Amino acid sequence: MAKGIRDKVAILGMGCAKFGERWDMDADQLMVEAFNEAVGDAGIDVSQLDAAWLAVAFDAVNIGPSGIPLSMALRLPNIGVTKVENYCASGTEAFRGAVYAVASGACDIALALGAEKLKDTGYGGLPVRSRGTTFDMIGVTGSAPGNFAQLAAAYRAKHGVSKDELKQAMAHISVKSHANGSRNPKAHLQKAVDMETVLNAPMIAEPLGLFDCCGVSDGAACAIVTTPEIARSLGKRDLVTIKALQISASNGWELQQAGGWDGSYFHTTRVAAAKAYQEAGITNPREQISLMEVHDCFSITELVTMEDLFISKEGQGYKDVLDGFFDADGGLPCQIDGGLKCFGHPIGASGLRMIYENYLQLLGRAGARQRSTPPTMALSHNLGGSPIQNVSAVAIVGLADA
Amino acid sequence: MSRPTGILAFGAYIPQRRLQRSAVYAANAWFAPNLKGQSKGERAIACWDEDTVTMAVEASRDCLTGLDRSAIAGISLASTTLPYADRLNSGLVKEALCLETNITANDQTGSLRAGTSALIQALNGTAAQLVVGADLRKARPASEGELVQGDAAAAILVGQAGQGLGEVAATFLGSHSVTIDFVDHFRSTSAEFDYGWESRWIRDEGHTKILGGALKEALTKLGVTGADIDHAIIPVAVRGVPESLAKSCGIKPEAVRDSLSAVVGDSGAAHPLLMLAAALEVAKPGAKILLAGFGQGADVLLFQATAAVGRPPEQLGVAGHLARARQDTNYTRFLFHRGLLDLEKGMRAEMDEKQPGTSLYRNRKAVMGLVGGRCTKTGTVQFPKTEIGVNANDRSQGTQEDYPLADKIAKIVTYTADSLSFSPDPPVYYGAIDFEGGGRLVAEFADCSAEDVEVGRQMRMVFRIKAVDHARDFTKYFWKAVPVQKGDA
């Protein structure tokens with residue numbers, strides 16, 4: 001097996017724009033906002049960048065094709081800019097491009113930036129779009145909540161959980177994320193909510209109510225990466241290095257093989273998590289991971305992901321949720337920044353936003369929401385697609401000596 | 001002596017919803033109080049995702065239950081409301097039914113008599129032919145037509161014994177037709193609605209003289225008397241007219257078949273075939289069945305039931321469809337589904353549904369026929385076919401043979417009721433289903449409500465409209481899953 005990425009690449013600087021309904025800004029301005037913070041944090045000049053990766057998921061309401069919009073927004077010095085799209089996992093995909101470029105030795109310093117301008121669509125939620133001519137003839141063009149809501153029916157059936165019990169656990173997840181978001185000045189949603197509000201919200205896609213769904217946002221986030229050696233030579237002392245970076249894509253097994261996947265979990269997340277733990281040398285994730293940022297596009301996604309990341313036992317995740325294990329002051333906080341639910345979900349930026357939060361937390365720079373127990377190892381899980389066909393990315397970053 | 005041609009099989013399709021005429025009347029009484037006389041009973045209404053092609057497919061599937069479709073030599077689709085003016089509508093039905101490619105197909109239209117005329121044409125031949133009638137007529141709100149009409153389809157398989165399609169259930173004894181340009185109503189090719197003339201004139205000159213005359217001439221021509229007729233099918237949706245026509249021909253009052261006006265409504269070109277199917281379900285061997293069709297003249301056909309008559313238990317037929325009716329009082333939904341009420345659909349409804357002709361042609365078996373693939377090496381079934389099979393343990397290429405899934409029962413693996421996605425009938429239900437014998441599909445669910453869906457619930461497939469490209473006026477079809485009900489095969 002390949003030796004993996006562990007400790008070969010360090011984060012030199014990160015930045016994140018304020019997420020939300022940024023009626024005031026175009027995508028290029030959001031990119032500049034995120035980049036200014038990152039390049040200042042890195043303490044380098046733009047001329048030191050060797051290559052860049054740009055993540056954007058929705059072209060139709062966005063910046064258009066190619067890497068040029070990034071090159072133009074930041075006036076990059078005619079370096080290679082690669083645009084990547086891998087559903088909602090695009091942000092981690094861009095990060096992977098930059099990290100691999102540095103690890104290969106082809107680049108000394110590389111940039112990964114994700115951006116999305118979704119609030120120009122005219123309505124909430126993701127844009128309705130084609131998934132290709134063949135799919136459009138035979139597939140169901142459902143909504144994102146509709147696609148993810150199906151996890152709940154299958155999970156209940158498999159584990160014998162009642163509708164009410166599962167709805168309670170889902171609501172706890174949303175209440176927790178809202179509480180966390182209220183302590184994050186860059187979050188899209190900064191208002192705490194109570195259980196009753198969540199449970200009584202209008203139904204979006206059975207059994208997901210309004211508060212079980214993350215909104216979509218405008219935003220941008222970015223990372224500048226280099227080798228640990230170069231980072232130290234540039235004066236960095238507390239280094240955050242990449243411990244693992246895995247992406248797993250569905251091959252149609254869940255979608256097409258009758259009697260295989262039962263609909264209650266993410267096959268790819270299990271594959272990516274197992275590989276990531278091996279790559280990072282983690283044998284007991286529940287104990288060894290200090291913090292998690294997962295792809296909580298919907299409350300039920302977060303719930304089953306706790307099992308798919310091997311943090312909770314299969315069929316027991318909802319109990320851990322109700323026990324408060326994933327709360328900000330719990331055993332293993334999840335979405336301490338508010339998550340997609342409240343920090344917001346500008347698709348292309350989300351994977352990088354997760355890593356941004358983990359980076360801040362590891363360096364003790366998270367302000368009011370800083371985890372009390374100093375974290376050493378932080379995981380981010382960035383998912384694109386739908387439960388039945390998706391791309392799952394797991395990135396683990398940690399202190400260099402951890 | 002050559003074998004007699006006759007009816008080999010028959011089937012029906014009636015949409016599940018029954019709009020209560022009282023609800024329509026209540027909404028419109030302020031404007032059209034004169035419709036009170038039509039405000040009793042219920043009419044069948046197709047859902048937004050049904051048209052004459054989809055209804056024809058379902059009636060045909062009911063008719064062809066358990067039969068070898070490769071033995072069918074031709075298909076004829078009769079309707080006055082076909083979706084396409086220039087695209088062979090019966091060809092669409094052929095694709096959905098996975099009939100052989102080397103068959104004849106024709107659309108019969110232009111008159112409410114099209115169903116009986118198509119039937120006569122088929123019966124005058126010897127080949128096994130499927131004759132399908134379907135109509136989904138649009139009437140202005142607060143019109144009599146809105147209350148009187150109903151949406152339905154019926155299929156009659158015509159042929160001879162020894163064609164691999166079973167025995168003749170009713171022998172064809174002959175027919176009589178008259179053609180007169182009697183304009184009781186009309187609809188030009190560019191019009192949405194009928195324009196009708198005074199009902200008293202239609203009754204006197206049309207029903208009594210033209211149809212009544214044709215019935216008498218037919219009896220004489222075919223050498224029978226009215227008293228010989230056991231089932232008289234006179235599809236005229238005017239109270240008392242079938243009975244008085246029968247009386248004038250010497251047909252016993254008890255032989256007059258119920259017009260289904262109270263429970264279905266007048267299904268236009270399909271109606272004579274629908275009433276014929278209903279009669280064949282209950283006719284005794286030896287019974288003589290007289291079938292009339294009226295429209296710019298008249299057709300009269302005579303049959304005699306054989307020992308093979310009756311509804312096979314695995315078929316739904318007219319009786320089965322009547323038994324599963326769901327009462328509906330939602331008049332505005334009906335108007336919206338008919339395009340008669342322009343509801344605010346929101347931006348989510350704006351997705352371009354353009355269909356490339358190339359990809360539809362390449363994938364026509366999968367899209368229109370729900371034909372998947374079965375790997376000859378591993379036996380794994382999948383939808384759609386792919387170059388490399390889905391079976392993870394085998395990378396064999398090009399080993400998949402055609403595997404039709406449309407008639408397989410499936411069970412729900414996952415589901416949701418989505419209130420966010422645009423649907424003309426929200427919430428839209430969909431989920432993953434596994435077919436018995438293999439194959440998985442993420443399918444939209446039709447004809448269902450909250451109590452119909454749960455993981456493990458049995459579903460069956462129906463042919464429906466998937467989406468309409470309004471910009472180019474192109475209808476896209478695919479298959480949806482509906483809950484299996486008691487009585488389904």
# chains A, B, ... in the order shown; residues from 1 in each chain; ligands from 1
call {"tool": "closest_atom_pairs", "arguments": {"of": "chain B", "to": "chain A", "cutoff": "6 Å", "atoms": "only C-alpha atoms", "output": "JSON lines"}}
result
{"residue": "B:Gln382", "atom": "CA", "partner": "A:Gln256", "partner_atom": "CA", "distance": 5.7}
{"residue": "B:Thr414", "atom": "CA", "partner": "A:Gln150", "partner_atom": "CA", "distance": 5.2}
{"residue": "B:Tyr415", "atom": "CA", "partner": "A:Gln150", "partner_atom": "CA", "distance": 5.0}
{"residue": "B:Thr416", "atom": "CA", "partner": "A:Gln150", "partner_atom": "CA", "distance": 5.4}
{"residue": "B:Ala417", "atom": "CA", "partner": "A:Glu206", "partner_atom": "CA", "distance": 5.1}
{"residue": "B:Asp418", "atom": "CA", "partner": "A:Ala205", "partner_atom": "CA", "distance": 4.1}
{"residue": "B:Ser419", "atom": "CA", "partner": "A:Ile204", "partner_atom": "CA", "distance": 5.2}
{"residue": "B:Leu420", "atom": "CA", "partner": "A:Ile204", "partner_atom": "CA", "distance": 5.7}
{"residue": "B:Ser421", "atom": "CA", "partner": "A:Ser143", "partner_atom": "CA", "distance": 5.4}
{"residue": "B:Asp434", "atom": "CA", "partner": "A:Ala258", "partner_atom": "CA", "distance": 5.3}
{"residue": "B:Gly438", "atom": "CA", "partner": "A:Ala258", "partner_atom": "CA", "distance": 5.5}
{"residue": "B:Gly439", "atom": "CA", "partner": "A:Ala258", "partner_atom": "CA", "distance": 5.1}
{"residue": "B:Arg440", "atom": "CA", "partner": "A:Ala258", "partner_atom": "CA", "distance": 4.9}
call {"tool": "write_last_selection", "arguments": {"atoms": "all heavy atoms", "output": "mmCIF file, in the first residue's frame"}}
result
data_model
loop_
_atom_site.group_PDB
_atom_site.id
_atom_site.type_symbol
_atom_site.label_atom_id
_atom_site.label_comp_id
_atom_site.auth_asym_id
_atom_site.auth_seq_id
_atom_site.Cartn_x
_atom_site.Cartn_y
_atom_site.Cartn_z
ATOM 1 N N GLN B 382 -29.639 -5.716 -13.350
ATOM 2 C CA GLN B 382 -29.440 -4.297 -13.060
ATOM 3 C C GLN B 382 -30.205 -3.429 -14.037
ATOM 4 O O GLN B 382 -30.614 -3.868 -15.107
ATOM 5 C CB GLN B 382 -27.947 -3.954 -13.126
ATOM 6 C CG GLN B 382 -27.378 -4.081 -14.536
ATOM 7 C CD GLN B 382 -25.935 -3.599 -14.616
ATOM 8 O OE1 GLN B 382 -25.034 -4.257 -14.100
ATOM 9 N NE2 GLN B 382 -25.730 -2.449 -15.251
ATOM 10 N N THR B 414 -35.883 2.494 0.374
ATOM 11 C CA THR B 414 -35.871 3.808 1.020
ATOM 12 C C THR B 414 -36.979 4.644 0.380
ATOM 13 O O THR B 414 -37.408 4.357 -0.732
ATOM 14 C CB THR B 414 -34.551 4.565 0.786
ATOM 15 O OG1 THR B 414 -34.420 4.865 -0.613
ATOM 16 C CG2 THR B 414 -33.348 3.757 1.239
ATOM 17 N N TYR B 415 -37.433 5.672 1.100
ATOM 18 C CA TYR B 415 -38.444 6.547 0.505
ATOM 19 C C TYR B 415 -38.460 7.881 1.217
ATOM 20 O O TYR B 415 -37.944 8.028 2.331
ATOM 21 C CB TYR B 415 -39.841 5.914 0.579
ATOM 22 C CG TYR B 415 -40.425 5.952 1.976
ATOM 23 C CD1 TYR B 415 -41.188 7.030 2.412
ATOM 24 C CD2 TYR B 415 -40.164 4.919 2.870
ATOM 25 C CE1 TYR B 415 -41.685 7.081 3.701
ATOM 26 C CE2 TYR B 415 -40.657 4.960 4.156
ATOM 27 C CZ TYR B 415 -41.422 6.040 4.575
ATOM 28 O OH TYR B 415 -41.905 6.089 5.849
ATOM 29 N N THR B 416 -39.071 8.836 0.578
ATOM 30 C CA THR B 416 -39.393 10.102 1.225
ATOM 31 C C THR B 416 -40.621 10.690 0.559
ATOM 32 O O THR B 416 -41.036 10.243 -0.514
ATOM 33 C CB THR B 416 -38.223 11.101 1.158
ATOM 34 O OG1 THR B 416 -38.517 12.235 1.992
ATOM 35 C CG2 THR B 416 -38.002 11.612 -0.260
ATOM 36 N N ALA B 417 -41.191 11.686 1.216
ATOM 37 C CA ALA B 417 -42.254 12.508 0.623
ATOM 38 C C ALA B 417 -41.683 13.909 0.566
ATOM 39 O O ALA B 417 -41.506 14.556 1.589
ATOM 40 C CB ALA B 417 -43.508 12.464 1.490
ATOM 41 N N ASP B 418 -41.352 14.351 -0.634
ATOM 42 C CA ASP B 418 -40.596 15.582 -0.840
ATOM 43 C C ASP B 418 -41.548 16.745 -1.118
ATOM 44 O O ASP B 418 -42.276 16.739 -2.111
ATOM 45 C CB ASP B 418 -39.642 15.347 -2.023
ATOM 46 C CG ASP B 418 -38.715 16.514 -2.285
ATOM 47 O OD1 ASP B 418 -38.937 17.595 -1.732
ATOM 48 O OD2 ASP B 418 -37.759 16.320 -3.069
ATOM 49 N N SER B 419 -41.535 17.722 -0.213
ATOM 50 C CA SER B 419 -42.398 18.888 -0.396
ATOM 51 C C SER B 419 -41.654 20.046 -1.051
ATOM 52 O O SER B 419 -42.256 21.073 -1.347
ATOM 53 C CB SER B 419 -42.932 19.365 0.964
ATOM 54 O OG SER B 419 -43.650 18.336 1.584
ATOM 55 N N LEU B 420 -40.353 19.892 -1.231
ATOM 56 C CA LEU B 420 -39.555 20.990 -1.777
ATOM 57 C C LEU B 420 -39.500 20.946 -3.308
ATOM 58 O O LEU B 420 -39.693 21.966 -3.970
ATOM 59 C CB LEU B 420 -38.129 20.926 -1.200
ATOM 60 C CG LEU B 420 -37.186 22.050 -1.601
ATOM 61 C CD1 LEU B 420 -37.687 23.395 -1.080
ATOM 62 C CD2 LEU B 420 -35.775 21.783 -1.062
ATOM 63 N N SER B 421 -39.252 19.775 -3.864
ATOM 64 C CA SER B 421 -39.170 19.653 -5.322
ATOM 65 C C SER B 421 -40.502 20.049 -5.937
ATOM 66 O O SER B 421 -41.562 19.736 -5.391
ATOM 67 C CB SER B 421 -38.881 18.204 -5.727
ATOM 68 O OG SER B 421 -37.594 17.837 -5.317
ATOM 69 N N ASP B 434 -36.246 -2.446 -4.809
ATOM 70 C CA ASP B 434 -35.575 -3.660 -5.297
ATOM 71 C C ASP B 434 -36.614 -4.571 -5.943
ATOM 72 O O ASP B 434 -37.655 -4.855 -5.334
ATOM 73 C CB ASP B 434 -34.917 -4.414 -4.140
ATOM 74 C CG ASP B 434 -33.558 -3.831 -3.769
ATOM 75 O OD1 ASP B 434 -33.139 -2.848 -4.407
ATOM 76 O OD2 ASP B 434 -32.925 -4.369 -2.838
ATOM 77 N N GLY B 438 -34.035 -9.448 -8.664
ATOM 78 C CA GLY B 438 -32.873 -8.581 -8.883
ATOM 79 C C GLY B 438 -33.192 -7.315 -9.631
ATOM 80 O O GLY B 438 -34.193 -7.220 -10.336
ATOM 81 N N GLY B 439 -32.306 -6.360 -9.476
ATOM 82 C CA GLY B 439 -32.481 -5.058 -10.105
ATOM 83 C C GLY B 439 -32.956 -4.034 -9.091
ATOM 84 O O GLY B 439 -33.828 -4.337 -8.268
ATOM 85 N N ARG B 440 -32.343 -2.861 -9.138
ATOM 86 C CA ARG B 440 -32.715 -1.768 -8.223
ATOM 87 C C ARG B 440 -32.959 -0.525 -9.043
ATOM 88 O O ARG B 440 -32.312 -0.300 -10.063
ATOM 89 C CB ARG B 440 -31.602 -1.548 -7.202
ATOM 90 C CG ARG B 440 -31.802 -0.332 -6.325
ATOM 91 C CD ARG B 440 -30.767 -0.244 -5.219
ATOM 92 N NE ARG B 440 -31.041 -1.221 -4.164
ATOM 93 C CZ ARG B 440 -30.343 -1.309 -3.035
ATOM 94 N NH1 ARG B 440 -29.325 -0.491 -2.840
ATOM 95 N NH2 ARG B 440 -30.646 -2.212 -2.124
#
call {"tool": "select_by_dssp", "arguments": {"residues": "region 136-360 of chain B", "states": "strand (DSSP E or B)", "output": "MDAnalysis selection string"}}
result
chainID B and resid 149 152:159 170:179 185:186 195:196 231:233 256 266 288:294 297:305 326:328
call {"tool": "residues_around", "arguments": {"residues": "Phe326 (chain A)", "least_positions_apart": "4", "cutoff": "9 Å", "atoms": "only C-alpha atoms", "output": "PyMOL selection string"}}
result
chain A and resi 173+176+292+320-322+330-336
call {"tool": "write_last_selection", "arguments": {"atoms": "N, CA, C and O atoms", "output": "mmCIF file, in the first residue's frame"}}
result
data_model
loop_
_atom_site.group_PDB
_atom_site.id
_atom_site.type_symbol
_atom_site.label_atom_id
_atom_site.label_comp_id
_atom_site.auth_asym_id
_atom_site.auth_seq_id
_atom_site.Cartn_x
_atom_site.Cartn_y
_atom_site.Cartn_z
ATOM 1 N N ILE A 173 -29.441 17.336 17.195
ATOM 2 C CA ILE A 173 -28.311 17.708 16.340
ATOM 3 C C ILE A 173 -28.436 19.162 15.887
ATOM 4 O O ILE A 173 -27.484 19.936 15.960
ATOM 5 N N LYS A 176 -28.043 21.680 18.770
ATOM 6 C CA LYS A 176 -26.619 21.754 19.124
ATOM 7 C C LYS A 176 -25.866 22.640 18.139
ATOM 8 O O LYS A 176 -25.075 23.512 18.530
ATOM 9 N N MET A 292 -14.519 17.048 15.390
ATOM 10 C CA MET A 292 -14.999 16.650 14.063
ATOM 11 C C MET A 292 -15.812 17.762 13.419
ATOM 12 O O MET A 292 -16.627 18.407 14.080
ATOM 13 N N ASP A 320 -25.813 8.238 21.219
ATOM 14 C CA ASP A 320 -24.696 9.149 21.508
ATOM 15 C C ASP A 320 -25.132 10.599 21.320
ATOM 16 O O ASP A 320 -24.759 11.472 22.087
ATOM 17 N N VAL A 321 -25.916 10.819 20.255
ATOM 18 C CA VAL A 321 -26.409 12.172 19.990
ATOM 19 C C VAL A 321 -27.241 12.655 21.171
ATOM 20 O O VAL A 321 -27.028 13.741 21.712
ATOM 21 N N LEU A 322 -28.205 11.824 21.581
ATOM 22 C CA LEU A 322 -29.098 12.223 22.670
ATOM 23 C C LEU A 322 -28.358 12.353 23.999
ATOM 24 O O LEU A 322 -28.753 13.134 24.872
ATOM 25 N N GLY A 330 -19.156 18.092 25.000
ATOM 26 C CA GLY A 330 -19.284 16.640 25.117
ATOM 27 C C GLY A 330 -17.952 15.930 24.907
ATOM 28 O O GLY A 330 -16.901 16.566 24.843
ATOM 29 N N GLY A 331 -18.023 14.615 24.794
ATOM 30 C CA GLY A 331 -16.815 13.808 24.657
ATOM 31 C C GLY A 331 -16.076 14.075 23.367
ATOM 32 O O GLY A 331 -14.838 14.083 23.335
ATOM 33 N N LEU A 332 -16.804 14.270 22.286
ATOM 34 C CA LEU A 332 -16.170 14.503 20.986
ATOM 35 C C LEU A 332 -17.030 15.495 20.198
ATOM 36 O O LEU A 332 -17.967 15.100 19.511
ATOM 37 N N PRO A 333 -16.725 16.779 20.341
ATOM 38 C CA PRO A 333 -17.582 17.788 19.696
ATOM 39 C C PRO A 333 -17.641 17.627 18.180
ATOM 40 O O PRO A 333 -16.634 17.308 17.546
ATOM 41 N N CYS A 334 -18.813 17.827 17.672
ATOM 42 C CA CYS A 334 -19.015 17.754 16.229
ATOM 43 C C CYS A 334 -19.682 19.063 15.807
ATOM 44 O O CYS A 334 -20.698 19.451 16.377
ATOM 45 N N GLN A 335 -19.113 19.723 14.832
ATOM 46 C CA GLN A 335 -19.620 21.024 14.344
ATOM 47 C C GLN A 335 -19.517 22.099 15.425
ATOM 48 O O GLN A 335 -20.480 22.806 15.688
ATOM 49 N N ILE A 336 -18.362 22.234 16.001
ATOM 50 C CA ILE A 336 -18.193 23.236 17.056
ATOM 51 C C ILE A 336 -18.310 24.655 16.485
ATOM 52 O O ILE A 336 -18.546 25.613 17.214
#
call {"tool": "residues_around", "arguments": {"residues": "Pro228 (chain A)", "least_positions_apart": "3", "cutoff": "8 Å", "atoms": "only C-alpha atoms", "output": "list of chain:residue names"}}
result
A:Asp7, A:Lys8, A:Val9, A:Ala10, A:Ala231, A:Arg232, A:Leu239, A:Thr241
call {"tool": "write_last_selection", "arguments": {"atoms": "N, CA, C and O atoms", "output": "short mmCIF file (atom, residue, chain, number, x, y, z; two decimals), in the first residue's frame"}}
result
data_model
loop_
_atom_site.label_atom_id
_atom_site.label_comp_id
_atom_site.auth_asym_id
_atom_site.auth_seq_id
_atom_site.Cartn_x
_atom_site.Cartn_y
_atom_site.Cartn_z
N ASP A 7 1.89 13.75 7.50
CA ASP A 7 2.95 14.69 7.90
C ASP A 7 3.85 15.16 6.76
O ASP A 7 4.90 15.76 7.00
N LYS A 8 3.48 14.92 5.53
CA LYS A 8 4.31 15.36 4.41
C LYS A 8 4.02 16.81 4.03
O LYS A 8 4.82 17.45 3.37
N VAL A 9 2.82 17.27 4.42
CA VAL A 9 2.41 18.61 4.01
C VAL A 9 1.85 19.36 5.22
O VAL A 9 1.16 18.76 6.06
N ALA A 10 2.18 20.62 5.31
CA ALA A 10 1.70 21.45 6.42
C ALA A 10 0.83 22.58 5.89
O ALA A 10 0.97 23.00 4.74
N ALA A 231 7.64 25.48 5.78
CA ALA A 231 6.84 26.21 6.78
C ALA A 231 7.74 26.68 7.92
O ALA A 231 7.67 27.83 8.36
N ARG A 232 8.60 25.78 8.38
CA ARG A 232 9.51 26.16 9.47
C ARG A 232 10.49 27.23 9.02
O ARG A 232 10.81 28.15 9.76
N LEU A 239 2.97 23.86 13.96
CA LEU A 239 2.55 23.41 12.64
C LEU A 239 1.34 22.49 12.72
O LEU A 239 1.27 21.60 13.57
N THR A 241 -0.27 19.71 10.40
CA THR A 241 0.05 18.92 9.21
C THR A 241 -1.14 18.05 8.81
O THR A 241 -2.04 17.78 9.61
#
call {"tool": "residues_around", "arguments": {"residues": "region 201-214 of chain B", "least_positions_apart": "5", "cutoff": "7 Å", "atoms": "only C-alpha atoms", "output": "ChimeraX atom specification"}}
result
/B:178,184,245,294,297-298
call {"tool": "residues_around", "arguments": {"residues": "Val148 (chain B)", "least_positions_apart": "3", "cutoff": "7 Å", "atoms": "only C-alpha atoms", "output": "ChimeraX atom specification"}}
result
/B:144-145,265-266
call {"tool": "write_last_selection", "arguments": {"atoms": "all heavy atoms", "output": "short mmCIF file (atom, residue, chain, number, x, y, z; two decimals), in the first residue's frame"}}
result
data_model
loop_
_atom_site.label_atom_id
_atom_site.label_comp_id
_atom_site.auth_asym_id
_atom_site.auth_seq_id
_atom_site.Cartn_x
_atom_site.Cartn_y
_atom_site.Cartn_z
N GLU B 144 -70.97 21.26 -19.40
CA GLU B 144 -71.56 19.95 -19.18
C GLU B 144 -70.52 18.85 -19.39
O GLU B 144 -70.49 17.86 -18.66
CB GLU B 144 -72.74 19.78 -20.14
CG GLU B 144 -73.62 18.60 -19.79
CD GLU B 144 -74.85 18.50 -20.70
OE1 GLU B 144 -75.47 19.55 -20.96
OE2 GLU B 144 -75.15 17.39 -21.15
N GLY B 145 -69.67 19.06 -20.39
CA GLY B 145 -68.64 18.06 -20.69
C GLY B 145 -67.75 17.76 -19.51
O GLY B 145 -67.36 16.62 -19.26
N GLY B 265 -67.85 8.05 -16.10
CA GLY B 265 -68.07 9.13 -17.05
C GLY B 265 -67.83 8.61 -18.46
O GLY B 265 -67.43 7.47 -18.65
N ASP B 266 -68.10 9.46 -19.43
CA ASP B 266 -68.00 9.06 -20.82
C ASP B 266 -66.56 9.22 -21.29
O ASP B 266 -66.05 10.33 -21.42
CB ASP B 266 -68.93 9.95 -21.65
CG ASP B 266 -68.87 9.64 -23.14
OD1 ASP B 266 -68.12 8.71 -23.53
OD2 ASP B 266 -69.56 10.32 -23.91
#
call {"tool": "select_by_dssp", "arguments": {"residues": "region 187-330 of chain B", "states": "helix (DSSP H, G or I)", "output": "number ranges by chain"}}
result
B: 199-222, 226-228, 241-248, 253-255, 268-282, 317-323
call {"tool": "closest_residue", "arguments": {"among": "A:His345, A:Lys163, A:Arg353, A:Arg183", "to": "Ala34 (chain A)", "atoms": "only C-alpha atoms"}}
result
A:Arg353
call {"tool": "residues_around", "arguments": {"residues": "Leu77 (chain B)", "least_positions_apart": "3", "cutoff": "10 Å", "atoms": "only C-alpha atoms", "output": "ChimeraX atom specification"}}
result
/B:52-53,56,82,88-91,93,105-109,114-115,118-119,130-134,155,269-270
call {"tool": "closest_residue", "arguments": {"among": "B:Glu146, B:Glu192, B:Asp51, B:Glu444", "to": "Gln38 (chain B)", "atoms": "only C-alpha atoms"}}
result
B:Glu146
call {"tool": "atom_distance", "arguments": {"atom1": "CA of Ala71 (chain B)", "atom2": "CA of Leu97 (chain B)"}}
result
12.6 Å
call {"tool": "closest_residue", "arguments": {"among": "B:Ala152, B:Val381, B:Ile233, B:Ile14", "to": "Gly320 (chain B)", "atoms": "only C-alpha atoms"}}
result
B:Ile14
call {"tool": "atom_distance", "arguments": {"atom1": "CA of Arg270 (chain A)", "atom2": "CA of Val56 (chain A)"}}
result
25.2 Å
call {"tool": "closest_residue", "arguments": {"among": "A:Phe266, A:Phe58, A:Phe95, A:Tyr87", "to": "Ile242 (chain A)", "atoms": "only C-alpha atoms"}}
result
A:Phe95
call {"tool": "atom_distance", "arguments": {"atom1": "CA of Leu341 (chain B)", "atom2": "CA of Ala142 (chain B)"}}
result
13.1 Å
